[in-house]
Amino acid sequence: MRVGLVSPYDFASPGGVNDHVRNLAVRLQELGHESRIFAPSSRADVGFDKARFYRIGTPIAIPVNDSVARITLSFHLANQVAAIVADERFDVLHFHEPLMPALPMTMLRMSTTANVGTFHAFATSNVGYYYGRLLLQPYLTHLHRAIAVSEPARAFVNRYFPEFPMRVIPNGIDLDVYRPGLAPIRHLRDDNLNILFVGRLEKRKGLGDLLRAYRAMGSRVPRVRLIIVGDGPLRGRVESYIARHRLANVVMAGYVPDSVKPRYYNSADIFCAPATGAESFGIVLLEALASGLPVVATEVPGYMSVLEPGRDSITVPPKNWRELAASLVILARDPQLRTRLADYALEKARRYSWKLVASEVVEIYQDARKALAAEPVPTLEVSSVHHAV
């Protein structure tokens with residue numbers, strides 16, 4: 001099959017959806033299919049050497065769901081897209097966040113092939129879905145099959161579109177990339193116990209709660225270090241908090257390329273995911289589990305769809321830095337518990353192998369093509385014309 005993968009987000013910026021699209025493109029080719037990627041990009045040279053990349057539109061930053069979405073809002077994309085689609089002759093177009101303007105909606109409206117949509121997001125509410133249901137419903141009818149990355153993501157969509165069927169297929173993890181035994185970051189492997197945070201520095205990721213927890217546990221756990229991987233709009237406030245409270249042994253690693261990020265997981269003893277909400281899944285959890293790390297995380301719906309408290313993790317209520325600190329102290333003081341959780345984490349991660357996930361997605365493609373083939377062929381009504389003689 002020839003598959004077009006459509007992302008609404010700036011392909012030059014890191015993010016979970018684009019990571020998903022990149023990995024899926026590679027796995028499809030390993031399974032013998034051809035893959036192409038469509039996305040807006042803030043850079044002309046972004047490219048993707050593993051699959052042909054079509055840069056469609058220039059993104060702008062839009063506040064969404066306590067975060068920032070970099071999407072293109074131009075709906076004047078049809079001519080450019082139509083020429084590419086006609087040339088490529090896709091068997092399937094796979095839309096990631098198909099109701100997100102403007103690229104997915106534009107391509108979905110004009111597509112004549114089998115269409116699949118994956119819904120990645122979760123939130124407690126969505127103003128656009130609520131007020132735009134009547135406008136968005138026709139777009140859903142263009143989808144022959146739909147996927148949600150988790151039960152919370154499916155429930156979120158069904159809150160506004162209750163009759164819309166979706167199959168849950170989780171995000172995947174590359175077990176060849178994220179695994180134990182990689183070379184750690186040399187200056188981080190000493191006699192300190194390392195707590196790792198990976199994520200965008202924005203409010204919903206909960207780093208503020210982790211900083212408070214780290215400050216509280218300092219007197220209870222000697223020789224502990226906090227490693228922060230990621231960048232974002234709150235970086236200045238984070239650095240100010242660290243300086244103001246004189247927090248020792250905090251490493252601000254900033255943005256880390258994907259080629260280096262697995263080494264940070266291999267430099268850590270505990271992974272902490274303190275998000276406050278709006279997480280549909282948590283790919284960083286898979287990265288940590290596959291790297292053999294015990295996890296301390298908040299009990300937000302997306303995280304709880306992945307984690308099994310007591311087996312691979314300790315979980316606490318969101319926005320509760322005191323319980324976060326207590327859980328980190330428990331793990332820091334108990335190496336046997338860390339080992340037990342880590343052993344199960346490695347076993348658990350195998351269920352999310354991209355090889356398994358991509359095979360399930362291909363099954364959805366096949367079902368979508370069958371659904372398209374079963375659609376009635378439109379007939380052209382010809383009215384008779386009578387001529388007077």
# chains A, B, ... in the order shown; residues from 1 in each chain; ligands from 1
>>> select_by_dssp(residues="range 105-244 of chain A", states="strand (DSSP E or B)", output="list in words")
Ala114, Asn115, Val116, Gly117, Thr118, Phe119, Arg145, Ala146, Ile147, Ala148, Arg167, Val168, Ile173, Leu193, Asn194, Ile195, Leu196, Phe197, Val198, Val224, Arg225, Leu226, Ile227, Ile228 and Val229 of chain A
>>> closest_atom_pairs(of="range 167-190 of chain A", to="range 347-355 of chain A", cutoff="10 Å", atoms="only C-alpha atoms", output="JSON lines")
{"residue": "A:Ile169", "atom": "CA", "partner": "A:Tyr352", "partner_atom": "CA", "distance": 9.6}
{"residue": "A:Pro170", "atom": "CA", "partner": "A:Tyr352", "partner_atom": "CA", "distance": 7.2}
{"residue": "A:Asn171", "atom": "CA", "partner": "A:Tyr352", "partner_atom": "CA", "distance": 7.1}
{"residue": "A:Gly172", "atom": "CA", "partner": "A:Trp354", "partner_atom": "CA", "distance": 4.5}
{"residue": "A:Ile173", "atom": "CA", "partner": "A:Ser353", "partner_atom": "CA", "distance": 5.2}
{"residue": "A:Asp174", "atom": "CA", "partner": "A:Trp354", "partner_atom": "CA", "distance": 5.8}
{"residue": "A:Leu175", "atom": "CA", "partner": "A:Ser353", "partner_atom": "CA", "distance": 6.3}
{"residue": "A:Asp176", "atom": "CA", "partner": "A:Ser353", "partner_atom": "CA", "distance": 9.5}
{"residue": "A:Tyr178", "atom": "CA", "partner": "A:Ala349", "partner_atom": "CA", "distance": 9.8}
{"residue": "A:Arg179", "atom": "CA", "partner": "A:Ala349", "partner_atom": "CA", "distance": 9.7}
>>> atom_distance(atom1="CA of Ser42 in chain A", atom2="CA of Val238 in chain A")
26.6 Å
>>> closest_residue(among="A:Ala297, A:Phe161, A:Met252, A:Thr339", to="Gly132 in chain A", atoms="only C-alpha atoms")
A:Phe161
>>> closest_atom_pairs(of="range 264-383 of chain A", to="range 19-35 of chain A", cutoff="9 Å", atoms="only C-alpha atoms", output="tab-separated table")
residue	atom	partner	partner_atom	distance
A:Trp354	CA	A:Arg27	CA	7.1
A:Lys355	CA	A:Arg27	CA	6.8
A:Val357	CA	A:Leu24	CA	8.7
A:Ala358	CA	A:Arg27	CA	6.3
A:Ser359	CA	A:Leu31	CA	8.1
A:Val361	CA	A:Leu24	CA	8.9
A:Val362	CA	A:Leu28	CA	8.0
>>> closest_residue(among="A:Ala325, A:Leu293, A:Leu210, A:Val284", to="Gly16 in chain A", atoms="only C-alpha atoms")
A:Val284
>>> residues_around(residues="Leu140 in chain A", least_positions_apart="5", cutoff="12 Å", atoms="only C-alpha atoms", output="JSON list (two decimals) with N, CA and C atoms, in the first residue's frame")
[["chain", "number", "residue", "atom", "x", "y", "z"],
["A", 95, "PHE", "N", -4.97, 10.50, 8.73],
["A", 95, "PHE", "CA", -5.00, 11.84, 9.30],
["A", 95, "PHE", "C", -4.81, 11.79, 10.81],
["A", 97, "GLU", "N", -5.08, 13.75, 14.20],
["A", 97, "GLU", "CA", -5.96, 14.84, 14.62],
["A", 97, "GLU", "C", -6.73, 15.37, 13.40],
["A", 98, "PRO", "N", -7.64, 14.55, 12.86],
["A", 98, "PRO", "CA", -8.31, 14.91, 11.60],
["A", 98, "PRO", "C", -9.22, 16.13, 11.68],
["A", 99, "LEU", "N", -9.61, 16.53, 12.88],
["A", 99, "LEU", "CA", -10.48, 17.71, 13.02],
["A", 99, "LEU", "C", -9.70, 18.97, 13.36],
["A", 100, "MET", "N", -8.38, 18.90, 13.23],
["A", 100, "MET", "CA", -7.54, 20.06, 13.49],
["A", 100, "MET", "C", -7.34, 20.86, 12.20],
["A", 104, "PRO", "N", -5.22, 18.85, 7.90],
["A", 104, "PRO", "CA", -6.01, 17.61, 7.88],
["A", 104, "PRO", "C", -7.43, 17.81, 7.36],
["A", 105, "MET", "N", -8.07, 18.89, 7.77],
["A", 105, "MET", "CA", -9.44, 19.12, 7.34],
["A", 105, "MET", "C", -9.52, 19.37, 5.83],
["A", 108, "LEU", "N", -8.82, 15.95, 4.09],
["A", 108, "LEU", "CA", -9.90, 15.00, 4.32],
["A", 108, "LEU", "C", -11.11, 15.34, 3.46],
["A", 109, "ARG", "N", -11.41, 16.62, 3.34],
["A", 109, "ARG", "CA", -12.56, 17.06, 2.57],
["A", 109, "ARG", "C", -12.43, 16.69, 1.09],
["A", 115, "ASN", "N", -9.81, 6.63, 4.03],
["A", 115, "ASN", "CA", -9.36, 7.60, 5.02],
["A", 115, "ASN", "C", -9.40, 7.00, 6.42],
["A", 116, "VAL", "N", -8.30, 7.19, 7.15],
["A", 116, "VAL", "CA", -8.19, 6.74, 8.54],
["A", 116, "VAL", "C", -7.81, 7.94, 9.38],
["A", 117, "GLY", "N", -8.39, 8.06, 10.56],
["A", 117, "GLY", "CA", -8.05, 9.16, 11.46],
["A", 117, "GLY", "C", -7.56, 8.63, 12.80],
["A", 118, "THR", "N", -6.53, 9.27, 13.35],
["A", 118, "THR", "CA", -6.08, 8.94, 14.70],
["A", 118, "THR", "C", -6.26, 10.17, 15.58],
["A", 119, "PHE", "N", -6.91, 9.96, 16.72],
["A", 119, "PHE", "CA", -7.14, 11.03, 17.70],
["A", 119, "PHE", "C", -6.16, 10.85, 18.86],
["A", 133, "ARG", "N", -19.67, 21.28, 16.69],
["A", 133, "ARG", "CA", -20.07, 19.90, 16.39],
["A", 133, "ARG", "C", -20.80, 19.76, 15.05],
["A", 134, "LEU", "N", -21.71, 20.67, 14.77],
["A", 134, "LEU", "CA", -22.47, 20.55, 13.53],
["A", 134, "LEU", "C", -21.59, 20.75, 12.31],
["A", 135, "LEU", "N", -20.56, 21.60, 12.44],
["A", 135, "LEU", "CA", -19.65, 21.82, 11.33],
["A", 135, "LEU", "C", -18.65, 20.68, 11.17],
["A", 145, "ARG", "N", -12.31, 4.54, 8.91],
["A", 145, "ARG", "CA", -11.97, 3.93, 10.19],
["A", 145, "ARG", "C", -11.27, 4.97, 11.05],
["A", 146, "ALA", "N", -11.36, 4.79, 12.38],
["A", 146, "ALA", "CA", -10.75, 5.75, 13.30],
["A", 146, "ALA", "C", -10.06, 5.04, 14.45],
["A", 157, "VAL", "N", -13.29, 12.24, 22.62],
["A", 157, "VAL", "CA", -13.98, 12.47, 21.35],
["A", 157, "VAL", "C", -15.45, 12.08, 21.45],
["A", 158, "ASN", "N", -15.72, 10.94, 22.11],
["A", 158, "ASN", "CA", -17.10, 10.47, 22.19],
["A", 158, "ASN", "C", -17.98, 11.34, 23.08],
["A", 160, "TYR", "N", -18.31, 14.42, 22.63],
["A", 160, "TYR", "CA", -18.92, 15.37, 21.70],
["A", 160, "TYR", "C", -19.53, 14.68, 20.49],
["A", 161, "PHE", "N", -19.02, 13.49, 20.15],
["A", 161, "PHE", "CA", -19.52, 12.73, 19.01],
["A", 161, "PHE", "C", -19.80, 11.30, 19.49],
["A", 162, "PRO", "N", -20.89, 11.11, 20.23],
["A", 162, "PRO", "CA", -21.11, 9.86, 20.95],
["A", 162, "PRO", "C", -21.27, 8.61, 20.07],
["A", 163, "GLU", "N", -21.70, 8.76, 18.85],
["A", 163, "GLU", "CA", -21.93, 7.59, 18.00],
["A", 163, "GLU", "C", -20.73, 7.25, 17.12],
["A", 164, "PHE", "N", -19.62, 7.95, 17.32],
["A", 164, "PHE", "CA", -18.48, 7.77, 16.42],
["A", 164, "PHE", "C", -17.61, 6.62, 16.91],
["A", 165, "PRO", "N", -17.45, 5.54, 16.11],
["A", 165, "PRO", "CA", -16.69, 4.37, 16.56],
["A", 165, "PRO", "C", -15.18, 4.55, 16.38],
["A", 166, "MET", "N", -14.43, 4.10, 17.37],
["A", 166, "MET", "CA", -12.97, 4.16, 17.31],
["A", 166, "MET", "C", -12.38, 2.90, 17.94]]
>>> closest_atom_pairs(of="range 224-338 of chain A", to="range 67-82 of chain A", cutoff="10 Å", atoms="only C-alpha atoms", output="tab-separated table")
residue	atom	partner	partner_atom	distance
A:Gly232	CA	A:Val68	CA	10.0
A:Pro233	CA	A:Val68	CA	9.7
A:Ala278	CA	A:Ser67	CA	9.4
>>> residues_around(residues="Arg2 in chain A", least_positions_apart="4", cutoff="9 Å", atoms="only C-alpha atoms", output="PyMOL selection string")
chain A and resi 33-36+88-93
>>> write_last_selection(atoms="N, CA and C atoms", output="CSV table (one decimal), in the first residue's frame")
chain,number,residue,atom,x,y,z
A,33,HIS,N,5.4,-1.4,2.9
A,33,HIS,CA,4.5,-0.4,2.3
A,33,HIS,C,5.3,0.9,2.0
A,34,GLU,N,4.7,1.8,1.2
A,34,GLU,CA,5.3,3.1,1.0
A,34,GLU,C,4.6,4.1,1.8
A,35,SER,N,5.4,5.1,2.4
A,35,SER,CA,4.8,6.1,3.2
A,35,SER,C,5.3,7.5,2.8
A,36,ARG,N,4.4,8.4,2.9
A,36,ARG,CA,4.7,9.8,2.6
A,36,ARG,C,4.1,10.7,3.8
A,88,GLU,N,0.5,10.9,-6.5
A,88,GLU,CA,1.0,9.8,-5.7
A,88,GLU,C,0.0,8.6,-5.7
A,89,ARG,N,-1.3,8.9,-6.0
A,89,ARG,CA,-2.3,7.8,-6.0
A,89,ARG,C,-2.3,6.9,-4.8
A,90,PHE,N,-2.6,7.5,-3.6
A,90,PHE,CA,-2.6,6.9,-2.4
A,90,PHE,C,-3.6,5.8,-2.2
A,91,ASP,N,-3.3,4.7,-1.5
A,91,ASP,CA,-4.3,3.7,-1.2
A,91,ASP,C,-5.0,4.1,0.1
A,92,VAL,N,-4.3,4.8,1.0
A,92,VAL,CA,-4.8,5.2,2.3
A,92,VAL,C,-4.2,6.6,2.6
A,93,LEU,N,-5.1,7.5,3.1
A,93,LEU,CA,-4.6,8.7,3.8
A,93,LEU,C,-4.9,8.6,5.3
>>> atom_distance(atom1="CA of Gly292 in chain A", atom2="CA of Arg311 in chain A")
12.6 Å
>>> residues_around(residues="range 328-335 of chain A", least_positions_apart="6", cutoff="12 Å", atoms="only C-alpha atoms", output="PyMOL selection string")
chain A and resi 192-196+210-226+268-274+293-297+310+312-316+321-322+341-342
